[in-house]
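Asks: Below you will find the structure I want to go over with you.
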Amino acid sequence: MRVSLSWLQDMVHIPISTEELAEKLSIAGFEVEAIDNRSSNASGVVVGFVESKEKHPNADKLSICKVDIGMKTPLQIVCGAPNVRSGIHVPVATVGSYLPAKDLNIKASQLRGVSSEGMICSQGELGLNVNEEGICIFENLSGPFPSIGEPVSEFFGLNDTVLELAITANRSDGMSMIGIAKEVSAITRSNLSLPTIEENLKFKSFQSEEIKSPIIEKGGLYSLTLIEDIKCYQDSNKLIKQRIESAGIKSINLIVDITNYVMLEQGQPLHAFDADLLEKITKKKVNIENFGIRNAYKGEKFISLGGKEISLSEASHVVTCHNLPIALAGVIGSNNCAVNNQTKRVWLEAAVFSPVSVRNTSRDIAIRTESSSRYEKGIPSELTLLAANRAINILKENNECSLTDSWVFGAVSITEKQILLRRSRVHKLLGNIKLSLNESNDILEENKDKSIRKIRDDEIEQILCDIGCTIQTIDIGWNVNIDPSRKNDLQREVDLIEEIARLIGFDRFESNLPHPIRPGVLNPKQKAERYLREYLCASGLQEVSSFSLVGKIHDVDEMVAITNPLLSETSHLRTNLWLEHLNICQRNLKAGRTGCWIFEIGNIYKRINNDINQELILSGIICGENRLEMWSANKGNIYLNYYEARGKLTELFDKFKINISDKQIIADNILHPGKAANLILEGKEIGSFGQLHPAITDERSLPIETYMFQMNLNPILVAATRKKAWNVTYKQFSTIPFLERDIALIVNKDITSKLVVQLILKVGKPLIEKVELIDRFEEEKIGVDKCSLAFRIWYRDKSKTLNDEDVKPIHEKVRKELIKSLNAELRS
């Protein structure tokens with residue numbers, strides 16, 4: 001929002017400097033992004049009179065002009081404009097001046113061998129938003145212009161400063177000059193002088209079956225006023241043109257300039273349709289019943305202002321006349337019925353459209369306008385008909401016209417919003433404030449700290465009145481009636497308390513930090529998660545962070561849709577992490593990397609029985625090779641096999657003293673059949689690990705040796721932080737040696753080594769201390785469905801050194817049990 005200070009000063013007295021005002025507005029929540037001193041655009045530019053014009057001897061398109069700027073002798077200026085001639089008054093940039101609009105330093109120079117002592121300017125070179133050919137000629141402009149030699153800045157309205165404000169979504173009142181004036185009045189405690197509005201329009205209520213779009217919701221309005229006998233060929237009022245141009249809006253014609261002026265002043269967008277053009281394009285007589293609002297048809301064509309053709313979708317909403325789209329509701333009008341200099345009759349539209357619908361339309365056509373930006377923030381219906389009256393007031397002041405009639409669909413909301421503001425709640429949330437510099441120290445004697453005091457009731461009441469509220473004092477506080485322009489922002493008691501704090505000044509509130517200040521600590525789960533990240537990084541994996549918003553994936557019904565997404569690519573919450581991890585691996589390998597080892601800890605979201613389920617997931621991919629040097633790569637690429645990749649997770653779990661077992665996955669669309677396993681912790685499945693499915697590696701051009709894991713993190717953290725696993729325990733190192741015995745057997749392939757180890761440990765209690773698999777192989781000689789497993793067994797007694805005679809019966813017992821339970825064939 002660009003705010004002209006000269007315009008603002010007509011509405012409110014500003015007793016402080018521009019810099020102080022900018023600082024106070026920023027502190028109060030209206031951040032000042034820039035201060036544009038427009039007078040610099042015409043510094044050193046004065047009125048000149050072209051006494052003579054001669055052709056340049058060395059250039060066909062240049063002229064040599066003698067220009068009087070009030071000095072003893074006229075200046076000689078070389079000019080290339082086609083419309084320069086003798087006997088006209090023009091703006092002249094003198095030597096030494098600077099034109100920031102074109103980044104030009106004006107110097108005395110030689111142009112094709114002829115000296116030039118300045119420059120005759122166009123309006124564009126003075127920073128004015130005007131389309132014109134050639135230089136500016138004062139005789140072609142309306143109104144008296146300055147005398148020869150006088151500055152031109154005041155004539156063009158450039159003796160002004162413009163503040164560029166960032167308006168937050170909740171402050172729709174900040175999108176108008178009146179809203180900013182009220183804010184400045186509240187900040188500086190200055191008097192307001194707002195424009196008065198004569199309510200000349202008498203709106204008739206009408207109903208229409210054509211208005212059936214959800215864009216008109218409860219509290220919405222749609223009004224039209226038919227105005228005739230307009231002389232649109234007349235120039236706009238000079239002050240109106242200067243003010244809308246200072247706001248960055250180009251002057252078009254009388255009617256359009258007035259609608260834009262009212263929008264900037266009141267915050268209510270208006271739109272005017274050329275009544276004769278409507279009858280021409282519809283080929284029918286137009287009356288109030290012929291207007292409607294509906295959803296656009298899929299593929300429906302619309303030509304916007306400026307002549308751009310747009311193909312609409314059903315997400316857009318259109319205003320229609322005889323069912324022909326004449327505007328995109330709240331966004332932009334049609335070029336086919338745009339007001340022009342020949343317009344004699346107009347339909348003036350003033351409406352309250354649904355913010356969500358306007359936002360959807362604006363996003364659907366990828367166009368955002370001054371109008372849509374205001375509708376998106378919400379407009380109070382109390383303002384709409386007043387703004388239409390204000391436009392008529394200004395039009396009558398500048399143009400003779402006649403009003404035919406006015407109609408309105410819907411009703412103005414007259415319900416006052418009242419909020420109870422409790423005194424105790426204000427003091428509890430805000431606490432004490434520091435004394436201002438001009439405040440005396442006459443405060444309560446019992447208050448030991450003389451530099452602070454409580455907020456007084458009269459201060460609270462003054463602030464509420466300053467923001468436009470009316471109050472009724474009660475025992476516990478106040479009943480506060482909210483000003484209509486602020487009802488979208490002030491919804492709750494805490495909103496009023498925020499206003500009090502904002503206008504008192506956040507810098508005046510005392511600090512309430514805990515005393516003494518103690519550093520925060522991580523709980524065991526947070527520590528475990530941090531250790532987990534460190535261990536994975538130490539194992540060669542790199543942590544990544546992917547976006548939780550993704551596009552819709554077909555055939556995935558449990559995806560959670562975002563109510564109002566900015567893009568279709570970010571319209572849903574993710575249901576997994578691994579899909580984006582595959583994309584990361586692809587991009588890295590295409591960029592020339594030989595491998596990509598990554599992991600991420602993040603949330604995934606699924607809709608289950610109309611509830612949204614959120615899970616914290618540890619996911620990662622080990623793709624290709626990962627090493628720091630290349631000199632040892634004599635045998636080509638060195639990839640991890642399945643067991644080496646799985647061992648990375650085993651090392652991680654061993655750090656936390658938790659035991660996770662594997663259960664083979666036979667068939668899966670994502671993981672390799674036969675080279676994947678579900679991960680089991682304390683009898684419950686927590687995730688999976690496996691080699692990526694060959695179909696996926698082929699599709700994405702990834703190495704076959706690509707491994708993926710994804711598991712629910714919460715059960716891991718719970719198990720890792722149990723007292724037995726979390727607390728470090730020490731035990732005496734045994735001084736008694738152990739005995740080793742190896743055993744080899746042939747079993748069916750579906751018997752896992754873990755099952756064999758568990759059986760050996762169970763039978764050999766208490767002398768067997770540890771069992772490890774040391775060899776496994778398959779070949780046709782031992783059977784197609786058979787495999788050979790070899791184990792090493794450690795025997796140890798806590799009280800004595802074992803000998804062969806002690807171990808032999810236990811070892812024999814183990815051998816017999818393996819034959820009996822597993823139908824094993826012993827090889828040793």
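Chain labels run A, B, ... following the order of the structure tokens; each chain numbers its residues from 1, and ligands are numbered from 1 in the order shown.
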DSSP on the backbone, then: every residue of stretch 75-243 of chain A marked helix (DSSP H, G or I), written as a list in words.

Replies: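 Matching residues, listed in order: Gly124, Glu125, Leu126, Phe138, Glu139, Asn140, Ser172, Asp173, Gly174, Met175, Met177, Ile178, Gly179, Ile180, Ala181, Lys182, Glu183, Val184, Ser185, Ala186, Ile187, Thr188, Lys238, Leu239, Ile240, Lys241, Gln242 and Arg243 of chain A.
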
Asks: Go ahead and write the selection's residues with C-alpha atoms as a PDB file, in the first residue's frame.

Replies:
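part-v6.pdb, freshly written:
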```pdb
ATOM      1  CA  GLY A 124       7.705   9.738 -17.892  1.00  0.00           C
ATOM      2  CA  GLU A 125      11.148  11.213 -17.270  1.00  0.00           C
ATOM      3  CA  LEU A 126       9.664  12.967 -14.230  1.00  0.00           C
ATOM      4  CA  PHE A 138       1.946  22.461 -20.575  1.00  0.00           C
ATOM      5  CA  GLU A 139      -0.607  23.914 -22.992  1.00  0.00           C
ATOM      6  CA  ASN A 140      -1.971  20.379 -23.522  1.00  0.00           C
ATOM      7  CA  SER A 172      -7.961  -5.084   5.846  1.00  0.00           C
ATOM      8  CA  ASP A 173      -8.578  -1.526   7.108  1.00  0.00           C
ATOM      9  CA  GLY A 174      -4.941  -0.751   6.284  1.00  0.00           C
ATOM     10  CA  MET A 175      -5.754  -1.036   2.563  1.00  0.00           C
ATOM     11  CA  MET A 177      -6.286   5.957   3.231  1.00  0.00           C
ATOM     12  CA  ILE A 178      -9.034   6.367   5.827  1.00  0.00           C
ATOM     13  CA  GLY A 179      -7.816   3.242   7.661  1.00  0.00           C
ATOM     14  CA  ILE A 180      -4.243   4.556   7.725  1.00  0.00           C
ATOM     15  CA  ALA A 181      -5.490   7.983   8.847  1.00  0.00           C
ATOM     16  CA  LYS A 182      -7.317   6.362  11.768  1.00  0.00           C
ATOM     17  CA  GLU A 183      -4.157   4.442  12.660  1.00  0.00           C
ATOM     18  CA  VAL A 184      -2.016   7.609  12.571  1.00  0.00           C
ATOM     19  CA  SER A 185      -4.620   9.389  14.691  1.00  0.00           C
ATOM     20  CA  ALA A 186      -4.479   6.588  17.279  1.00  0.00           C
ATOM     21  CA  ILE A 187      -0.664   6.542  17.293  1.00  0.00           C
ATOM     22  CA  THR A 188      -0.149  10.318  17.510  1.00  0.00           C
ATOM     23  CA  LYS A 238      -6.051  17.057 -11.429  1.00  0.00           C
ATOM     24  CA  LEU A 239      -5.897  16.240  -7.699  1.00  0.00           C
ATOM     25  CA  ILE A 240      -7.560  12.849  -8.260  1.00  0.00           C
ATOM     26  CA  LYS A 241      -5.075  11.984 -11.017  1.00  0.00           C
ATOM     27  CA  GLN A 242      -2.100  12.988  -8.886  1.00  0.00           C
ATOM     28  CA  ARG A 243      -3.308  10.995  -5.889  1.00  0.00           C
TER      29      ARG A 243
END
```

Asks: Identify, on the basis of only C-alpha atoms, every residue whose closest approach to A:Ile746 does not exceed 6 Å; exclude the query and any residue fewer than 6 positions from it along the same chain; express the result as a list of chain:residue names.

Replies: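 Returned residues: A:Cys787, A:Ser788, A:Ala824, A:Glu825.
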
Asks: So, counting only C-alpha atoms, which residue among A:Glu705, A:Glu529, A:Asp68, A:Asp797 is closest to A:Val718?

Replies: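 Using only C-alpha atoms, the shortest distance to A:Val718 belongs to A:Glu529.
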
Asks: Can you pull out every residue within 6 Å of stretch 291-303 of chain A, counting only C-alpha atoms, but drop anything in the same chain fewer than 5 positions away, and send it as a PyMOL selection string?

Replies: chain A and resi 210-213+308-314+316-321+334-335

Asks: Please produce a file of the residues just selected, as a PDB file, in the first residue's frame, where the atoms kept are N, CA, C and O atoms.

Replies:
```
ATOM      1  N   GLU A 210     -30.269 -15.474 -11.040  1.00  0.00           N
ATOM      2  CA  GLU A 210     -28.962 -15.551 -11.688  1.00  0.00           C
ATOM      3  C   GLU A 210     -27.822 -15.425 -10.691  1.00  0.00           C
ATOM      4  O   GLU A 210     -26.687 -15.777 -10.988  1.00  0.00           O
ATOM      5  N   ILE A 211     -28.104 -14.874  -9.506  1.00  0.00           N
ATOM      6  CA  ILE A 211     -27.055 -14.736  -8.482  1.00  0.00           C
ATOM      7  C   ILE A 211     -27.133 -15.954  -7.592  1.00  0.00           C
ATOM      8  O   ILE A 211     -27.857 -16.003  -6.595  1.00  0.00           O
ATOM      9  N   LYS A 212     -26.366 -16.993  -7.978  1.00  0.00           N
ATOM     10  CA  LYS A 212     -26.450 -18.268  -7.262  1.00  0.00           C
ATOM     11  C   LYS A 212     -25.074 -18.839  -6.960  1.00  0.00           C
ATOM     12  O   LYS A 212     -24.926 -20.008  -6.674  1.00  0.00           O
ATOM     13  N   SER A 213     -24.064 -17.985  -7.031  1.00  0.00           N
ATOM     14  CA  SER A 213     -22.703 -18.448  -6.746  1.00  0.00           C
ATOM     15  C   SER A 213     -22.411 -18.311  -5.261  1.00  0.00           C
ATOM     16  O   SER A 213     -22.912 -17.402  -4.606  1.00  0.00           O
ATOM     17  N   LYS A 308      -6.195  -9.356 -22.861  1.00  0.00           N
ATOM     18  CA  LYS A 308      -5.668 -10.713 -22.702  1.00  0.00           C
ATOM     19  C   LYS A 308      -6.813 -11.718 -22.654  1.00  0.00           C
ATOM     20  O   LYS A 308      -7.750 -11.570 -21.871  1.00  0.00           O
ATOM     21  N   GLU A 309      -6.724 -12.762 -23.490  1.00  0.00           N
ATOM     22  CA  GLU A 309      -7.747 -13.816 -23.483  1.00  0.00           C
ATOM     23  C   GLU A 309      -7.383 -14.887 -22.464  1.00  0.00           C
ATOM     24  O   GLU A 309      -6.260 -15.378 -22.432  1.00  0.00           O
ATOM     25  N   ILE A 310      -8.359 -15.251 -21.631  1.00  0.00           N
ATOM     26  CA  ILE A 310      -8.138 -16.226 -20.559  1.00  0.00           C
ATOM     27  C   ILE A 310      -9.128 -17.367 -20.729  1.00  0.00           C
ATOM     28  O   ILE A 310     -10.322 -17.143 -20.972  1.00  0.00           O
ATOM     29  N   SER A 311      -8.634 -18.590 -20.607  1.00  0.00           N
ATOM     30  CA  SER A 311      -9.501 -19.766 -20.595  1.00  0.00           C
ATOM     31  C   SER A 311      -9.807 -20.104 -19.142  1.00  0.00           C
ATOM     32  O   SER A 311      -8.899 -20.400 -18.360  1.00  0.00           O
ATOM     33  N   LEU A 312     -11.072 -20.050 -18.772  1.00  0.00           N
ATOM     34  CA  LEU A 312     -11.474 -20.182 -17.366  1.00  0.00           C
ATOM     35  C   LEU A 312     -11.730 -21.642 -16.996  1.00  0.00           C
ATOM     36  O   LEU A 312     -11.949 -22.496 -17.857  1.00  0.00           O
ATOM     37  N   SER A 313     -11.695 -21.884 -15.700  1.00  0.00           N
ATOM     38  CA  SER A 313     -12.088 -23.186 -15.165  1.00  0.00           C
ATOM     39  C   SER A 313     -13.241 -22.970 -14.194  1.00  0.00           C
ATOM     40  O   SER A 313     -13.619 -21.830 -13.898  1.00  0.00           O
ATOM     41  N   GLU A 314     -13.789 -24.051 -13.675  1.00  0.00           N
ATOM     42  CA  GLU A 314     -14.933 -23.949 -12.771  1.00  0.00           C
ATOM     43  C   GLU A 314     -14.549 -23.335 -11.428  1.00  0.00           C
ATOM     44  O   GLU A 314     -15.423 -23.002 -10.626  1.00  0.00           O
ATOM     45  N   SER A 316     -13.172 -20.445 -11.095  1.00  0.00           N
ATOM     46  CA  SER A 316     -13.353 -18.997 -11.194  1.00  0.00           C
ATOM     47  C   SER A 316     -14.827 -18.638 -11.088  1.00  0.00           C
ATOM     48  O   SER A 316     -15.714 -19.432 -11.395  1.00  0.00           O
ATOM     49  N   HIS A 317     -15.069 -17.398 -10.632  1.00  0.00           N
ATOM     50  CA  HIS A 317     -16.429 -16.875 -10.514  1.00  0.00           C
ATOM     51  C   HIS A 317     -16.557 -15.642 -11.398  1.00  0.00           C
ATOM     52  O   HIS A 317     -15.680 -14.778 -11.388  1.00  0.00           O
ATOM     53  N   VAL A 318     -17.668 -15.574 -12.123  1.00  0.00           N
ATOM     54  CA  VAL A 318     -17.849 -14.483 -13.078  1.00  0.00           C
ATOM     55  C   VAL A 318     -19.131 -13.719 -12.789  1.00  0.00           C
ATOM     56  O   VAL A 318     -20.132 -14.282 -12.315  1.00  0.00           O
ATOM     57  N   VAL A 319     -19.077 -12.410 -13.063  1.00  0.00           N
ATOM     58  CA  VAL A 319     -20.280 -11.585 -13.098  1.00  0.00           C
ATOM     59  C   VAL A 319     -20.789 -11.640 -14.535  1.00  0.00           C
ATOM     60  O   VAL A 319     -20.002 -11.510 -15.489  1.00  0.00           O
ATOM     61  N   THR A 320     -22.087 -11.837 -14.698  1.00  0.00           N
ATOM     62  CA  THR A 320     -22.636 -12.024 -16.044  1.00  0.00           C
ATOM     63  C   THR A 320     -23.717 -10.991 -16.348  1.00  0.00           C
ATOM     64  O   THR A 320     -24.334 -10.421 -15.450  1.00  0.00           O
ATOM     65  N   CYS A 321     -23.933 -10.805 -17.626  1.00  0.00           N
ATOM     66  CA  CYS A 321     -25.070 -10.029 -18.128  1.00  0.00           C
ATOM     67  C   CYS A 321     -25.672 -10.849 -19.264  1.00  0.00           C
ATOM     68  O   CYS A 321     -24.977 -11.154 -20.248  1.00  0.00           O
ATOM     69  N   SER A 334     -14.070  -7.055 -17.899  1.00  0.00           N
ATOM     70  CA  SER A 334     -13.896  -7.479 -19.293  1.00  0.00           C
ATOM     71  C   SER A 334     -13.559  -6.282 -20.168  1.00  0.00           C
ATOM     72  O   SER A 334     -14.081  -5.174 -19.972  1.00  0.00           O
ATOM     73  N   ASN A 335     -12.710  -6.513 -21.146  1.00  0.00           N
ATOM     74  CA  ASN A 335     -12.342  -5.464 -22.085  1.00  0.00           C
ATOM     75  C   ASN A 335     -13.504  -5.106 -23.017  1.00  0.00           C
ATOM     76  O   ASN A 335     -13.562  -4.010 -23.564  1.00  0.00           O
TER      77      ASN A 335
END
```

Asks: Give me the stretch 538-592 of chain A side of the contact with stretch 607-618 of chain A, cut-off 9 Å, one line per residue showing its nearest atom pair and distance in Å at one decimal, counting only C-alpha atoms, sorted by chain and residue number, as JSON lines.

Replies:
```
{"residue": "A:Asp557", "atom": "CA", "partner": "A:Arg607", "partner_atom": "CA", "distance": 8.1}
{"residue": "A:Glu558", "atom": "CA", "partner": "A:Arg607", "partner_atom": "CA", "distance": 4.7}
{"residue": "A:Met559", "atom": "CA", "partner": "A:Arg607", "partner_atom": "CA", "distance": 6.1}
{"residue": "A:Val560", "atom": "CA", "partner": "A:Arg607", "partner_atom": "CA", "distance": 5.9}
{"residue": "A:Asn576", "atom": "CA", "partner": "A:Ile617", "partner_atom": "CA", "distance": 8.4}
{"residue": "A:Leu577", "atom": "CA", "partner": "A:Ile617", "partner_atom": "CA", "distance": 8.0}
```

Asks: For N, CA, C and O atoms, I'd like the residues from the last selection saved as a PDB file, in the first residue's frame.

Replies:
```pdb
ATOM      1  N   ASP A 557      -5.750 -42.797  -1.336  1.00  0.00           N
ATOM      2  CA  ASP A 557      -6.938 -42.171  -0.756  1.00  0.00           C
ATOM      3  C   ASP A 557      -6.678 -41.540   0.606  1.00  0.00           C
ATOM      4  O   ASP A 557      -7.421 -40.645   1.012  1.00  0.00           O
ATOM      5  N   GLU A 558      -5.634 -42.009   1.313  1.00  0.00           N
ATOM      6  CA  GLU A 558      -5.432 -41.494   2.671  1.00  0.00           C
ATOM      7  C   GLU A 558      -4.688 -40.169   2.722  1.00  0.00           C
ATOM      8  O   GLU A 558      -4.377 -39.673   3.806  1.00  0.00           O
ATOM      9  N   MET A 559      -4.407 -39.565   1.556  1.00  0.00           N
ATOM     10  CA  MET A 559      -3.714 -38.274   1.555  1.00  0.00           C
ATOM     11  C   MET A 559      -4.607 -37.187   2.147  1.00  0.00           C
ATOM     12  O   MET A 559      -5.816 -37.160   1.922  1.00  0.00           O
ATOM     13  N   VAL A 560      -3.996 -36.273   2.897  1.00  0.00           N
ATOM     14  CA  VAL A 560      -4.713 -35.172   3.535  1.00  0.00           C
ATOM     15  C   VAL A 560      -4.590 -33.941   2.648  1.00  0.00           C
ATOM     16  O   VAL A 560      -3.482 -33.467   2.382  1.00  0.00           O
ATOM     17  N   ASN A 576       4.656 -40.257   2.870  1.00  0.00           N
ATOM     18  CA  ASN A 576       5.924 -40.979   3.050  1.00  0.00           C
ATOM     19  C   ASN A 576       7.070 -40.005   2.819  1.00  0.00           C
ATOM     20  O   ASN A 576       6.869 -38.888   2.314  1.00  0.00           O
ATOM     21  N   LEU A 577       8.262 -40.445   3.178  1.00  0.00           N
ATOM     22  CA  LEU A 577       9.464 -39.653   2.953  1.00  0.00           C
ATOM     23  C   LEU A 577      10.296 -40.198   1.796  1.00  0.00           C
ATOM     24  O   LEU A 577      11.050 -39.458   1.163  1.00  0.00           O
TER      25      LEU A 577
END
```

Asks: Which residues are close to A:Leu383, i.e. within 10 Å by only C-alpha atoms, leaving aside same-chain residues fewer than 3 positions away? Reply as an NGL selection string.

Replies: :A and (266-268 or 350-352 or 379-380 or 386-388 or 412 or 484-485)

Asks: Please dump the current selection as a PDB file, in the first residue's frame; keep N, CA, C and O atoms.

Replies:
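New file part28.pdb:
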```pdb
ATOM      1  N   GLN A 266     -11.466   4.681   0.517  1.00  0.00           N
ATOM      2  CA  GLN A 266     -12.378   3.959   1.400  1.00  0.00           C
ATOM      3  C   GLN A 266     -11.985   2.494   1.619  1.00  0.00           C
ATOM      4  O   GLN A 266     -12.410   1.878   2.589  1.00  0.00           O
ATOM      5  N   GLY A 267     -11.208   1.923   0.692  1.00  0.00           N
ATOM      6  CA  GLY A 267     -10.850   0.508   0.785  1.00  0.00           C
ATOM      7  C   GLY A 267     -11.848  -0.406   0.121  1.00  0.00           C
ATOM      8  O   GLY A 267     -11.708  -1.634   0.179  1.00  0.00           O
ATOM      9  N   GLN A 268     -12.887   0.137  -0.521  1.00  0.00           N
ATOM     10  CA  GLN A 268     -13.916  -0.647  -1.186  1.00  0.00           C
ATOM     11  C   GLN A 268     -13.725  -0.601  -2.696  1.00  0.00           C
ATOM     12  O   GLN A 268     -13.864   0.454  -3.315  1.00  0.00           O
ATOM     13  N   ALA A 350     -20.886  -2.054  -6.817  1.00  0.00           N
ATOM     14  CA  ALA A 350     -20.245  -2.056  -5.493  1.00  0.00           C
ATOM     15  C   ALA A 350     -20.702  -3.327  -4.798  1.00  0.00           C
ATOM     16  O   ALA A 350     -21.907  -3.560  -4.656  1.00  0.00           O
ATOM     17  N   ALA A 351     -19.744  -4.169  -4.383  1.00  0.00           N
ATOM     18  CA  ALA A 351     -20.119  -5.496  -3.890  1.00  0.00           C
ATOM     19  C   ALA A 351     -19.216  -5.943  -2.754  1.00  0.00           C
ATOM     20  O   ALA A 351     -18.123  -5.419  -2.554  1.00  0.00           O
ATOM     21  N   VAL A 352     -19.710  -6.918  -2.022  1.00  0.00           N
ATOM     22  CA  VAL A 352     -18.893  -7.639  -1.039  1.00  0.00           C
ATOM     23  C   VAL A 352     -18.845  -9.092  -1.502  1.00  0.00           C
ATOM     24  O   VAL A 352     -19.858  -9.798  -1.455  1.00  0.00           O
ATOM     25  N   ILE A 379     -13.833  -7.364   3.382  1.00  0.00           N
ATOM     26  CA  ILE A 379     -14.361  -5.993   3.376  1.00  0.00           C
ATOM     27  C   ILE A 379     -15.679  -5.977   4.153  1.00  0.00           C
ATOM     28  O   ILE A 379     -16.573  -6.785   3.886  1.00  0.00           O
ATOM     29  N   PRO A 380     -15.842  -5.078   5.105  1.00  0.00           N
ATOM     30  CA  PRO A 380     -17.112  -5.000   5.850  1.00  0.00           C
ATOM     31  C   PRO A 380     -18.234  -4.483   4.953  1.00  0.00           C
ATOM     32  O   PRO A 380     -18.056  -3.533   4.189  1.00  0.00           O
ATOM     33  N   LEU A 386     -21.810   2.952   1.189  1.00  0.00           N
ATOM     34  CA  LEU A 386     -21.227   4.277   1.435  1.00  0.00           C
ATOM     35  C   LEU A 386     -20.217   4.623   0.355  1.00  0.00           C
ATOM     36  O   LEU A 386     -20.138   5.770  -0.104  1.00  0.00           O
ATOM     37  N   ALA A 387     -19.410   3.626  -0.045  1.00  0.00           N
ATOM     38  CA  ALA A 387     -18.408   3.866  -1.088  1.00  0.00           C
ATOM     39  C   ALA A 387     -19.074   4.206  -2.413  1.00  0.00           C
ATOM     40  O   ALA A 387     -18.593   5.064  -3.168  1.00  0.00           O
ATOM     41  N   ALA A 388     -20.202   3.552  -2.727  1.00  0.00           N
ATOM     42  CA  ALA A 388     -20.932   3.877  -3.952  1.00  0.00           C
ATOM     43  C   ALA A 388     -21.437   5.313  -3.897  1.00  0.00           C
ATOM     44  O   ALA A 388     -21.354   6.058  -4.890  1.00  0.00           O
ATOM     45  N   VAL A 412     -27.216  -5.097   4.260  1.00  0.00           N
ATOM     46  CA  VAL A 412     -26.065  -4.635   5.026  1.00  0.00           C
ATOM     47  C   VAL A 412     -26.146  -5.207   6.434  1.00  0.00           C
ATOM     48  O   VAL A 412     -27.200  -5.166   7.073  1.00  0.00           O
ATOM     49  N   PRO A 484     -16.997  -1.151  12.611  1.00  0.00           N
ATOM     50  CA  PRO A 484     -17.176  -2.091  11.478  1.00  0.00           C
ATOM     51  C   PRO A 484     -15.909  -2.318  10.661  1.00  0.00           C
ATOM     52  O   PRO A 484     -15.684  -3.424  10.162  1.00  0.00           O
ATOM     53  N   SER A 485     -15.081  -1.279  10.515  1.00  0.00           N
ATOM     54  CA  SER A 485     -13.872  -1.445   9.707  1.00  0.00           C
ATOM     55  C   SER A 485     -12.846  -2.357  10.363  1.00  0.00           C
ATOM     56  O   SER A 485     -11.906  -2.794   9.723  1.00  0.00           O
TER      57      SER A 485
END
```

Asks: Could you give me, as a ChimeraX atom specification, the residues within 10 Å of A:Arg456, counting only C-alpha atoms and dropping anything in the same chain fewer than 3 positions from it?

Replies: /A:423,427,453,459-461

Asks: Run DSSP on the backbone and tell me which residues of stretch 190-439 of chain A come out as strand (DSSP E); list them as number ranges by chain.

Replies: A: 203-205, 221-228, 270-274, 291-295, 301-303, 309-311, 317-321, 324-328, 332-333, 346-352, 402-409, 418-422, 433-434

Asks: Select, from A:Asn290, A:Thr369, A:Ser236, A:Thr594, the residue with the minimum atom-to-atom distance to A:Asn341, counting only C-alpha atoms.

Replies: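 Of A:Asn290, A:Thr369, A:Ser236, A:Thr594, the one nearest A:Asn341, counting only C-alpha atoms, is A:Ser236.
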
Asks: Let me make sure I understand: among A:Val521, A:Val67, A:Ala81, A:Ile197, which one has the smallest atom-to-atom distance to A:Glu132 if we use only C-alpha atoms?

Replies: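 Ranked by minimum distance to A:Glu132, first place goes to A:Ala81.
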
Asks: As a ChimeraX atom specification, please: the residues near A:Val556 (cut-off 10 Å, only C-alpha atoms, same-chain neighbours under 4 positions excluded).

Replies: /A:552,560,575,606

Asks: Given the selection you just returned, output its residues as a file containing all heavy atoms, formatted as a CSV table (one decimal), in the first residue's frame.

Replies:
```csv
chain,number,residue,atom,x,y,z
A,552,LYS,N,-0.9,-34.2,-5.3
A,552,LYS,CA,-1.8,-35.3,-5.2
A,552,LYS,C,-1.2,-36.5,-5.9
A,552,LYS,O,-0.8,-36.4,-7.1
A,552,LYS,CB,-3.2,-35.0,-5.8
A,552,LYS,CG,-4.2,-36.1,-5.9
A,552,LYS,CD,-4.6,-36.7,-4.5
A,552,LYS,CE,-5.6,-37.8,-4.7
A,552,LYS,NZ,-5.9,-38.5,-3.4
A,560,VAL,N,-4.0,-36.3,2.9
A,560,VAL,CA,-4.7,-35.2,3.5
A,560,VAL,C,-4.6,-33.9,2.6
A,560,VAL,O,-3.5,-33.5,2.4
A,560,VAL,CB,-4.1,-34.9,4.9
A,560,VAL,CG1,-4.9,-33.7,5.6
A,560,VAL,CG2,-4.2,-36.1,5.8
A,575,THR,N,2.6,-38.6,2.6
A,575,THR,CA,2.3,-39.8,3.2
A,575,THR,C,3.5,-40.7,3.4
A,575,THR,O,3.5,-41.8,4.0
A,575,THR,CB,1.2,-40.6,2.5
A,575,THR,OG1,1.7,-40.9,1.1
A,575,THR,CG2,-0.1,-39.9,2.4
A,606,LYS,N,-1.6,-39.2,7.4
A,606,LYS,CA,-2.6,-40.0,6.7
A,606,LYS,C,-3.9,-39.8,7.3
A,606,LYS,O,-4.1,-39.6,8.5
A,606,LYS,CB,-2.2,-41.5,6.8
A,606,LYS,CG,-0.9,-41.9,6.1
A,606,LYS,CD,-0.6,-43.4,6.2
A,606,LYS,CE,0.7,-43.7,5.5
A,606,LYS,NZ,1.0,-45.2,5.6
```

Asks: Extract, using only C-alpha atoms, all DNA, RNA and protein residues at most 10 Å from A:Lys525, discarding same-chain residues fewer than 3 positions from it, and format them as a ChimeraX atom specification.

Replies: /A:522,528-531,714,716-722

Asks: Could you tell me which of A:Val162, A:Val50, A:Val286, A:Leu541 comes closest to A:Glu600 if we count only C-alpha atoms?

Replies: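 Among A:Val162, A:Val50, A:Val286, A:Leu541, it is A:Leu541 that comes nearest to A:Glu600.
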